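To start, the structure under review is shown below, and the notes come after it.
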Amino acid sequence: MNTVFRYIIEPGFFGSGPVRIALAVGTVIAVTSAVVGVFTVTRGQSFAGHSLADIATTGGSGAFLIGINQFWGYLAFGAGAAAFMELIGLQRRRGRDVATGVVLGAALGLAALFLYLGTQYSTTTGASFTILFGSMFVLTPSTVPVLIISALLALVTVVVLARVLLLSALSPDLAAARGVPVRAVGAAYLMALAVSVALSAVIIGAVLSTALLIGPAATALRVAKGPVRAAAVAAGIGVAATWLGILLAYDSYYWPPAGRGWPVSFFVVTLITGAYLVSYLRPGGRPVAVPDEPEHACSVALC
Amino acid sequence: MSTELLRLDNVGVRLGGREILRDVSLTIRPGEFTGLIGPNGAGKTTLLRVMLGLQAVTTGAVLIDGEPRAHRDASTGYVPQKLGIEPDTPLRVRDVVSLGVDGHKFGVRLPSRARRELVDDMLTAVGARRFADARIGELSGGEQQRVMIAHALIGRPRLLLLDEPLANLDISGEQGIVSVLARLAKAEGIAVLLSAHDMNPLMPVMDRIAYVAGGRVAVGRTEDVVTTEVLSRLYGQHVDVIRVHGRVLVVAAPEGTDPEHDGAAADASVVG
């Protein structure tokens, strides 16, 4: 029994400092991303999330080039892009599509330049890889509180806005007629989204960060009907994928090519994709027709 | 009844230099069922948006209980024409109705038995109880209308505004919604105002009609408003009101027969 257990969880897993940091930070970020993601999918803003991730890549590369922690680069560029997207506006959908497309190309081009220059002037090997695909095992302990506090702020923002966001998703006009500052709420939500994307960029890389945002949420929406349950299922999937990903990455140190270890992001993203595919196998995962009943089915005087 | 709930006083709206509404005055009283009727593009939606406080007026005033309309006005319930949601949106019918109580508020709310029962009552009142646990996005247009009426009613409005609730419904769907609304007006004293491009489904229940054409509105009892004289004046061209088997048709004179033909009303060949 012990041998089997040791085979699954390699000796020293929980004793390793980097593993413990990865588990703690990964959990908080996975929960935040998943809950924010439920609203991203509900509001039809997956593309905005993806755009923020691309622009965060530029920020992370720029931060690497000038020698500061990449999280600040992700955050600054993500938040700036969110503000810009809000400015060009909800009112001109087509203008937004075109502008976003142009800006994204430019952003990734800049990222290529920054990474190239950065690797010329720096001795840090694997920095490009870390920015693009993340690494949970090289988190600096000093940044951990910043990451956790940022994640909690984004999570609290979305939870506080939850009902208003749902009402706005149902009908922006209806929300506005009931006194909801729809525009301001949308802007606040976009900021929480930018923070969430910056955080997942730290752990699974800027390029993959939307996987942690959209994947668990999309899967949850297939299996849960109500908003609270959807958020809980999404968080569960995000956390499970993160923990298993960390475990498998730790174990993979002994896989071929021995002594290297596979990237955590690969495992996390693969597990999330797997969960999404499995949700298609679930019977009744698609809408079921509501059975018809006779016209006078209700008993109250009004009907 | 003499008490007035909502009053529009000489309301005018200009958007981008174009006059959308001109000199609109109308009064809505408790328990009254008003049909806001007119062809597409006549200004019905703008008029509804004015009543909801979503559209500022250029001239005139919107009064509720004799006071200028407040930013957030709890006395008015609104049922939008279409919901902007996908089938997989994680909102059950009961979640949607519950948002009618506090969907505009920040923060979290714990579930309660009282709330659940209130939601069930509202769903029963509109004949939507049987799909309480279905997702809103999976329902048909008519079913969604009923749910949104329950969503509006749970906030205890005194005035219920509905934007084209009969569009995209089949005849039995139309009759279902109309009878639910008529009962609400009569049994609960709620003033109901709904917009529609066809007045016929509303004929049996309408207390008053507000006929919109070319940015102007004629208000009164159906038999007084829907006449060749009144509607011709409103359209600015000659239209004939024809009654066939209890149905009303508003028909424009063929192109070219009227030398003073007003181009703005050219789309009004058959409007009702």
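Residue numbering restarts at 1 for every chain of the structure tokens, chains are lettered A, B, ... in their displayed order, and ligands are numbered from 1 as they appear.
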Residues of chain B within 9 Å of chain A: nearest atom pair and distance (Å, one decimal) for each, counting only C-alpha atoms, sorted by chain and number, as a Markdown table?
| residue | atom | partner | partner_atom | distance |
| --- | --- | --- | --- | --- |
| B:Arg49 | CA | A:Ala177 | CA | 8.6 |
| B:Leu52 | CA | A:Ala177 | CA | 5.7 |
| B:Gly53 | CA | A:Ala177 | CA | 6.4 |
| B:Leu54 | CA | A:Ala177 | CA | 6.2 |
| B:His71 | CA | A:Gly179 | CA | 6.3 |
| B:Arg72 | CA | A:Gly179 | CA | 4.6 |
| B:Asp73 | CA | A:Arg178 | CA | 6.9 |
| B:Ala74 | CA | A:Arg178 | CA | 7.4 |
| B:Thr76 | CA | A:Arg178 | CA | 8.8 |
| B:Gly77 | CA | A:Arg178 | CA | 8.6 |
| B:Tyr78 | CA | A:Leu174 | CA | 6.6 |
| B:Val79 | CA | A:Leu174 | CA | 7.5 |
| B:Pro80 | CA | A:Leu174 | CA | 6.7 |
| B:Lys82 | CA | A:Ser171 | CA | 7.8 |
| B:Leu83 | CA | A:Ser171 | CA | 5.6 |
| B:Gly84 | CA | A:Leu170 | CA | 5.6 |
| B:Ile85 | CA | A:Leu170 | CA | 6.0 |
| B:Glu86 | CA | A:Thr42 | CA | 7.8 |
| B:Pro87 | CA | A:Pro287 | CA | 7.7 |
| B:Asp88 | CA | A:Leu221 | CA | 6.0 |
| B:Thr89 | CA | A:Thr42 | CA | 5.5 |
| B:Pro90 | CA | A:Gly226 | CA | 4.9 |
| B:Leu91 | CA | A:Gly226 | CA | 5.1 |
| B:Arg92 | CA | A:Gly226 | CA | 5.6 |
| B:Asp95 | CA | A:Gly226 | CA | 7.2 |
| B:Val96 | CA | A:Leu167 | CA | 8.0 |
| B:Leu99 | CA | A:Leu167 | CA | 6.8 |
| B:Gly100 | CA | A:Leu167 | CA | 8.7 |
| B:Asp102 | CA | A:Arg163 | CA | 7.8 |
| B:Gly103 | CA | A:Arg163 | CA | 5.1 |
| B:His104 | CA | A:Val164 | CA | 5.3 |
| B:Lys105 | CA | A:Val164 | CA | 6.4 |
| B:Phe106 | CA | A:Val160 | CA | 5.5 |
| B:Gly107 | CA | A:Val160 | CA | 4.2 |
| B:Val108 | CA | A:Val160 | CA | 6.3 |
| B:Asp121 | CA | A:Val300 | CA | 8.4 |
| B:Thr124 | CA | A:Cys298 | CA | 6.0 |
| B:Ala125 | CA | A:Leu302 | CA | 5.6 |
| B:Val126 | CA | A:Cys303 | CA | 6.4 |
| B:Gly127 | CA | A:Cys298 | CA | 5.9 |
| B:Ala128 | CA | A:Cys298 | CA | 8.5 |
| B:Arg129 | CA | A:Cys298 | CA | 7.8 |
| B:Arg130 | CA | A:Glu293 | CA | 8.3 |
| B:Phe131 | CA | A:Val290 | CA | 6.8 |
| B:Asp133 | CA | A:Lys225 | CA | 8.1 |
| B:Ala134 | CA | A:Lys225 | CA | 7.6 |
| B:Arg135 | CA | A:Lys225 | CA | 6.3 |
| B:Glu138 | CA | A:Pro287 | CA | 6.4 |
| B:Leu139 | CA | A:Val290 | CA | 7.7 |
| B:Gly176 | CA | A:Glu295 | CA | 8.3 |
| B:Ser179 | CA | A:Cys303 | CA | 7.9 |
| B:Val180 | CA | A:Cys303 | CA | 6.1 |
| B:Arg183 | CA | A:Leu302 | CA | 5.9 |
| B:Leu184 | CA | A:Leu302 | CA | 6.7 |
| B:Ala187 | CA | A:Leu302 | CA | 7.1 |
| B:Glu188 | CA | A:Leu302 | CA | 8.8 |
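Residues with any atom within 10 Å of range 115-117 of chain A, counting only C-alpha atoms and excluding same-chain neighbours fewer than 2 positions away, are Thr57, Thr58, Gly60, Ser61, Gly62, Ala63, Phe64, Leu65, Leu110, Ala111, Ala112, Leu113, Thr119, Gln120, Tyr121, Ser122, Ala127, Ser128, Phe129, Ile131 and Leu132 of chain A.
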Output for the residues just chosen: C-alpha atoms as a PDB file, in the first residue's frame:
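Saved result, again-v3.pdb, follows:
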ATOM      1  CA  THR A  57       2.344  38.730 -22.558  1.00  0.00           C
ATOM      2  CA  THR A  58       3.796  42.022 -23.801  1.00  0.00           C
ATOM      3  CA  GLY A  60       5.455  40.356 -18.825  1.00  0.00           C
ATOM      4  CA  SER A  61       8.165  40.440 -21.510  1.00  0.00           C
ATOM      5  CA  GLY A  62       8.681  44.159 -20.953  1.00  0.00           C
ATOM      6  CA  ALA A  63       9.026  43.619 -17.204  1.00  0.00           C
ATOM      7  CA  PHE A  64      11.599  40.887 -17.867  1.00  0.00           C
ATOM      8  CA  LEU A  65      13.521  43.242 -20.162  1.00  0.00           C
ATOM      9  CA  LEU A 110       6.284  43.787 -29.119  1.00  0.00           C
ATOM     10  CA  ALA A 111       6.418  40.736 -26.867  1.00  0.00           C
ATOM     11  CA  ALA A 112       8.662  39.006 -29.443  1.00  0.00           C
ATOM     12  CA  LEU A 113      10.969  42.019 -29.487  1.00  0.00           C
ATOM     13  CA  THR A 119      17.520  37.099 -23.657  1.00  0.00           C
ATOM     14  CA  GLN A 120      20.385  39.035 -25.328  1.00  0.00           C
ATOM     15  CA  TYR A 121      21.112  41.082 -22.208  1.00  0.00           C
ATOM     16  CA  SER A 122      20.226  38.587 -19.522  1.00  0.00           C
ATOM     17  CA  ALA A 127      12.885  33.346 -18.979  1.00  0.00           C
ATOM     18  CA  SER A 128      11.010  33.403 -22.279  1.00  0.00           C
ATOM     19  CA  PHE A 129       9.571  30.034 -21.471  1.00  0.00           C
ATOM     20  CA  ILE A 131       6.710  34.242 -19.427  1.00  0.00           C
ATOM     21  CA  LEU A 132       4.929  32.390 -22.205  1.00  0.00           C
TER      22      LEU A 132
END
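Between CA of Trp243 in chain A and CA of Ile55 in chain A the separation is 27.2 Å.
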Task: Selection: 8 Å around Val264 in chain A, only C-alpha atoms, excl. self and same-chain fewer than 2 positions, as a list of chain:residue names - done: A:Ser135, A:Met136, A:Ile204, A:Gly245, A:Ile246, A:Leu248, A:Ala249, A:Trp262, A:Phe266, A:Phe267, A:Val268
Please produce an output containing N, CA and C atoms for each residue in the selection, written as a JSON list (two decimals), in the first residue's frame.
[["chain", "number", "residue", "atom", "x", "y", "z"],
["A", 135, "SER", "N", 5.59, 29.08, -14.72],
["A", 135, "SER", "CA", 6.19, 28.02, -13.93],
["A", 135, "SER", "C", 5.85, 28.24, -12.47],
["A", 136, "MET", "N", 5.13, 27.29, -11.93],
["A", 136, "MET", "CA", 4.69, 27.43, -10.55],
["A", 136, "MET", "C", 5.81, 27.16, -9.57],
["A", 204, "ILE", "N", 0.49, 29.71, -15.00],
["A", 204, "ILE", "CA", 0.55, 28.81, -16.16],
["A", 204, "ILE", "C", 1.00, 29.51, -17.43],
["A", 245, "GLY", "N", -1.98, 18.85, -11.58],
["A", 245, "GLY", "CA", -0.92, 19.32, -12.48],
["A", 245, "GLY", "C", 0.40, 19.44, -11.74],
["A", 246, "ILE", "N", 0.33, 20.02, -10.54],
["A", 246, "ILE", "CA", 1.55, 20.18, -9.74],
["A", 246, "ILE", "C", 2.13, 18.81, -9.37],
["A", 248, "LEU", "N", 1.68, 15.89, -10.91],
["A", 248, "LEU", "CA", 2.22, 15.20, -12.07],
["A", 248, "LEU", "C", 3.54, 15.82, -12.51],
["A", 249, "ALA", "N", 3.63, 17.15, -12.43],
["A", 249, "ALA", "CA", 4.87, 17.82, -12.83],
["A", 249, "ALA", "C", 6.00, 17.41, -11.89],
["A", 262, "TRP", "N", 8.51, 17.79, -16.49],
["A", 262, "TRP", "CA", 7.70, 18.40, -17.55],
["A", 262, "TRP", "C", 7.06, 19.68, -17.03],
["A", 266, "PHE", "N", 1.52, 22.34, -18.90],
["A", 266, "PHE", "CA", 1.06, 21.29, -19.80],
["A", 266, "PHE", "C", 0.02, 20.42, -19.10],
["A", 267, "PHE", "N", 0.34, 20.01, -17.87],
["A", 267, "PHE", "CA", -0.58, 19.13, -17.14],
["A", 267, "PHE", "C", -1.89, 19.84, -16.80],
["A", 268, "VAL", "N", -1.77, 21.08, -16.30],
["A", 268, "VAL", "CA", -2.97, 21.82, -15.89],
["A", 268, "VAL", "C", -3.91, 22.00, -17.07]]
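If you look at CA of Leu213 in chain A and CA of Leu277 in chain A, they are 16.2 Å away from each other.
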TODO: For His238 in chain B, work out the shell of residues within 8 Å, counting only C-alpha atoms and skipping chain neighbours fewer than 4 positions away, then give it as a list of chain:residue names.
DONE: B:Thr228, B:Ser232, B:Arg233, B:Ala252, B:Ala253, B:Asp258
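Remark: for Ala234 in chain A, the closest of the candidate residues A:Ser265, A:Thr219, A:Ser142, A:Ser16 is A:Thr219 (distances computed over only C-alpha atoms).
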Open item on the list: With only C-alpha atoms as the counted atoms, please give the residues lying no more than 12 Å from Pro68 in chain B, apart from itself and same-chain residues fewer than 4 positions off, as a PyMOL selection string.
Closed with: chain B and resi 5-9+51+53+57+60-64+72-73
Saved selection, atoms kept: N, CA and C atoms, as a PDB file, in the first residue's frame:
ATOM      1  N   LEU B   5     -50.903  57.803 -12.430  1.00  0.00           N
ATOM      2  CA  LEU B   5     -49.683  57.130 -12.035  1.00  0.00           C
ATOM      3  C   LEU B   5     -48.505  57.758 -12.775  1.00  0.00           C
ATOM      4  N   LEU B   6     -48.640  57.768 -14.089  1.00  0.00           N
ATOM      5  CA  LEU B   6     -47.569  58.284 -14.929  1.00  0.00           C
ATOM      6  C   LEU B   6     -48.139  59.342 -15.856  1.00  0.00           C
ATOM      7  N   ARG B   7     -47.448  60.446 -16.003  1.00  0.00           N
ATOM      8  CA  ARG B   7     -47.903  61.440 -16.957  1.00  0.00           C
ATOM      9  C   ARG B   7     -46.737  61.945 -17.796  1.00  0.00           C
ATOM     10  N   LEU B   8     -46.931  61.971 -19.093  1.00  0.00           N
ATOM     11  CA  LEU B   8     -45.978  62.611 -19.987  1.00  0.00           C
ATOM     12  C   LEU B   8     -46.588  63.937 -20.409  1.00  0.00           C
ATOM     13  N   ASP B   9     -45.833  65.021 -20.227  1.00  0.00           N
ATOM     14  CA  ASP B   9     -46.313  66.358 -20.569  1.00  0.00           C
ATOM     15  C   ASP B   9     -45.525  66.894 -21.759  1.00  0.00           C
ATOM     16  N   MET B  51     -40.241  56.520 -20.713  1.00  0.00           N
ATOM     17  CA  MET B  51     -40.988  56.161 -19.504  1.00  0.00           C
ATOM     18  C   MET B  51     -40.115  55.428 -18.495  1.00  0.00           C
ATOM     19  N   GLY B  53     -36.928  55.989 -18.078  1.00  0.00           N
ATOM     20  CA  GLY B  53     -35.809  56.806 -17.643  1.00  0.00           C
ATOM     21  C   GLY B  53     -34.517  56.451 -18.355  1.00  0.00           C
ATOM     22  N   VAL B  57     -35.461  63.358 -22.108  1.00  0.00           N
ATOM     23  CA  VAL B  57     -36.326  64.100 -23.016  1.00  0.00           C
ATOM     24  C   VAL B  57     -35.653  65.421 -23.390  1.00  0.00           C
ATOM     25  N   GLY B  60     -40.331  68.955 -22.441  1.00  0.00           N
ATOM     26  CA  GLY B  60     -41.418  68.335 -21.706  1.00  0.00           C
ATOM     27  C   GLY B  60     -40.956  67.653 -20.430  1.00  0.00           C
ATOM     28  N   ALA B  61     -41.861  66.894 -19.803  1.00  0.00           N
ATOM     29  CA  ALA B  61     -41.556  66.301 -18.502  1.00  0.00           C
ATOM     30  C   ALA B  61     -42.188  64.923 -18.356  1.00  0.00           C
ATOM     31  N   VAL B  62     -41.532  64.061 -17.558  1.00  0.00           N
ATOM     32  CA  VAL B  62     -42.072  62.747 -17.199  1.00  0.00           C
ATOM     33  C   VAL B  62     -42.363  62.779 -15.706  1.00  0.00           C
ATOM     34  N   LEU B  63     -43.616  62.592 -15.332  1.00  0.00           N
ATOM     35  CA  LEU B  63     -43.997  62.666 -13.927  1.00  0.00           C
ATOM     36  C   LEU B  63     -44.548  61.320 -13.457  1.00  0.00           C
ATOM     37  N   ILE B  64     -44.106  60.913 -12.264  1.00  0.00           N
ATOM     38  CA  ILE B  64     -44.678  59.721 -11.634  1.00  0.00           C
ATOM     39  C   ILE B  64     -45.296  60.180 -10.323  1.00  0.00           C
ATOM     40  N   ARG B  72     -33.804  55.912  -9.907  1.00  0.00           N
ATOM     41  CA  ARG B  72     -34.250  54.540  -9.752  1.00  0.00           C
ATOM     42  C   ARG B  72     -35.677  54.574  -9.233  1.00  0.00           C
ATOM     43  N   ASP B  73     -36.592  54.098 -10.072  1.00  0.00           N
ATOM     44  CA  ASP B  73     -37.993  54.225  -9.745  1.00  0.00           C
ATOM     45  C   ASP B  73     -38.584  52.835  -9.552  1.00  0.00           C
TER      46      ASP B  73
END
Task: All alpha helix (DSSP H) positions in range 109-210 of chain A, as a PyMOL selection string - done: chain A and resi 109-121+127-133+144-170+172-177+182-204+209-210
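One finds CA of Ile209 in chain B at 14.3 Å from CA of Ala182 in chain B.
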Open item on the list: To test your reading of the structure, identify every residue in range 176-221 of chain B that backbone DSSP assigns to strand (DSSP E or B), and report it as a ChimeraX atom specification.
Closed with: /B:191-196,208-213,216-220
Given the selection you just returned, output its residues as a file containing N, CA and C atoms, formatted as a PDB file, in the first residue's frame.
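Saved to out29.pdb:
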ATOM      1  N   ALA B 191     -51.193  49.005 -13.537  1.00  0.00           N
ATOM      2  CA  ALA B 191     -51.341  49.600 -14.865  1.00  0.00           C
ATOM      3  C   ALA B 191     -50.407  48.871 -15.817  1.00  0.00           C
ATOM      4  N   VAL B 192     -50.941  48.424 -16.954  1.00  0.00           N
ATOM      5  CA  VAL B 192     -50.133  47.688 -17.923  1.00  0.00           C
ATOM      6  C   VAL B 192     -50.062  48.498 -19.208  1.00  0.00           C
ATOM      7  N   LEU B 193     -48.843  48.701 -19.700  1.00  0.00           N
ATOM      8  CA  LEU B 193     -48.695  49.348 -20.997  1.00  0.00           C
ATOM      9  C   LEU B 193     -47.783  48.474 -21.836  1.00  0.00           C
ATOM     10  N   LEU B 194     -48.277  48.040 -22.991  1.00  0.00           N
ATOM     11  CA  LEU B 194     -47.409  47.233 -23.833  1.00  0.00           C
ATOM     12  C   LEU B 194     -47.381  47.767 -25.246  1.00  0.00           C
ATOM     13  N   SER B 195     -46.209  47.647 -25.877  1.00  0.00           N
ATOM     14  CA  SER B 195     -46.091  48.100 -27.252  1.00  0.00           C
ATOM     15  C   SER B 195     -46.318  46.921 -28.184  1.00  0.00           C
ATOM     16  N   ALA B 196     -46.899  47.190 -29.338  1.00  0.00           N
ATOM     17  CA  ALA B 196     -47.167  46.160 -30.332  1.00  0.00           C
ATOM     18  C   ALA B 196     -47.366  46.838 -31.670  1.00  0.00           C
ATOM     19  N   ARG B 208     -57.338  51.557 -23.196  1.00  0.00           N
ATOM     20  CA  ARG B 208     -56.978  52.735 -23.976  1.00  0.00           C
ATOM     21  C   ARG B 208     -55.893  52.395 -24.970  1.00  0.00           C
ATOM     22  N   ILE B 209     -55.863  53.154 -26.025  1.00  0.00           N
ATOM     23  CA  ILE B 209     -54.811  52.955 -27.028  1.00  0.00           C
ATOM     24  C   ILE B 209     -54.001  54.239 -27.135  1.00  0.00           C
ATOM     25  N   ALA B 210     -52.688  54.073 -27.278  1.00  0.00           N
ATOM     26  CA  ALA B 210     -51.820  55.211 -27.586  1.00  0.00           C
ATOM     27  C   ALA B 210     -51.241  54.878 -28.944  1.00  0.00           C
ATOM     28  N   TYR B 211     -51.737  55.523 -29.974  1.00  0.00           N
ATOM     29  CA  TYR B 211     -51.326  55.187 -31.343  1.00  0.00           C
ATOM     30  C   TYR B 211     -50.190  56.110 -31.763  1.00  0.00           C
ATOM     31  N   VAL B 212     -49.031  55.501 -32.103  1.00  0.00           N
ATOM     32  CA  VAL B 212     -47.843  56.281 -32.447  1.00  0.00           C
ATOM     33  C   VAL B 212     -47.612  56.212 -33.946  1.00  0.00           C
ATOM     34  N   ALA B 213     -47.442  57.360 -34.566  1.00  0.00           N
ATOM     35  CA  ALA B 213     -47.038  57.391 -35.973  1.00  0.00           C
ATOM     36  C   ALA B 213     -46.290  58.686 -36.221  1.00  0.00           C
ATOM     37  N   ARG B 216     -45.595  61.232 -33.397  1.00  0.00           N
ATOM     38  CA  ARG B 216     -46.673  61.826 -32.610  1.00  0.00           C
ATOM     39  C   ARG B 216     -47.601  60.734 -32.106  1.00  0.00           C
ATOM     40  N   VAL B 217     -48.374  61.053 -31.081  1.00  0.00           N
ATOM     41  CA  VAL B 217     -49.194  60.038 -30.432  1.00  0.00           C
ATOM     42  C   VAL B 217     -50.629  60.535 -30.276  1.00  0.00           C
ATOM     43  N   ALA B 218     -51.585  59.671 -30.608  1.00  0.00           N
ATOM     44  CA  ALA B 218     -52.987  59.958 -30.320  1.00  0.00           C
ATOM     45  C   ALA B 218     -53.446  58.993 -29.238  1.00  0.00           C
ATOM     46  N   VAL B 219     -54.041  59.516 -28.176  1.00  0.00           N
ATOM     47  CA  VAL B 219     -54.400  58.684 -27.034  1.00  0.00           C
ATOM     48  C   VAL B 219     -55.899  58.742 -26.788  1.00  0.00           C
ATOM     49  N   GLY B 220     -56.493  57.616 -26.431  1.00  0.00           N
ATOM     50  CA  GLY B 220     -57.912  57.624 -26.083  1.00  0.00           C
ATOM     51  C   GLY B 220     -58.488  56.223 -26.134  1.00  0.00           C
TER      52      GLY B 220
END
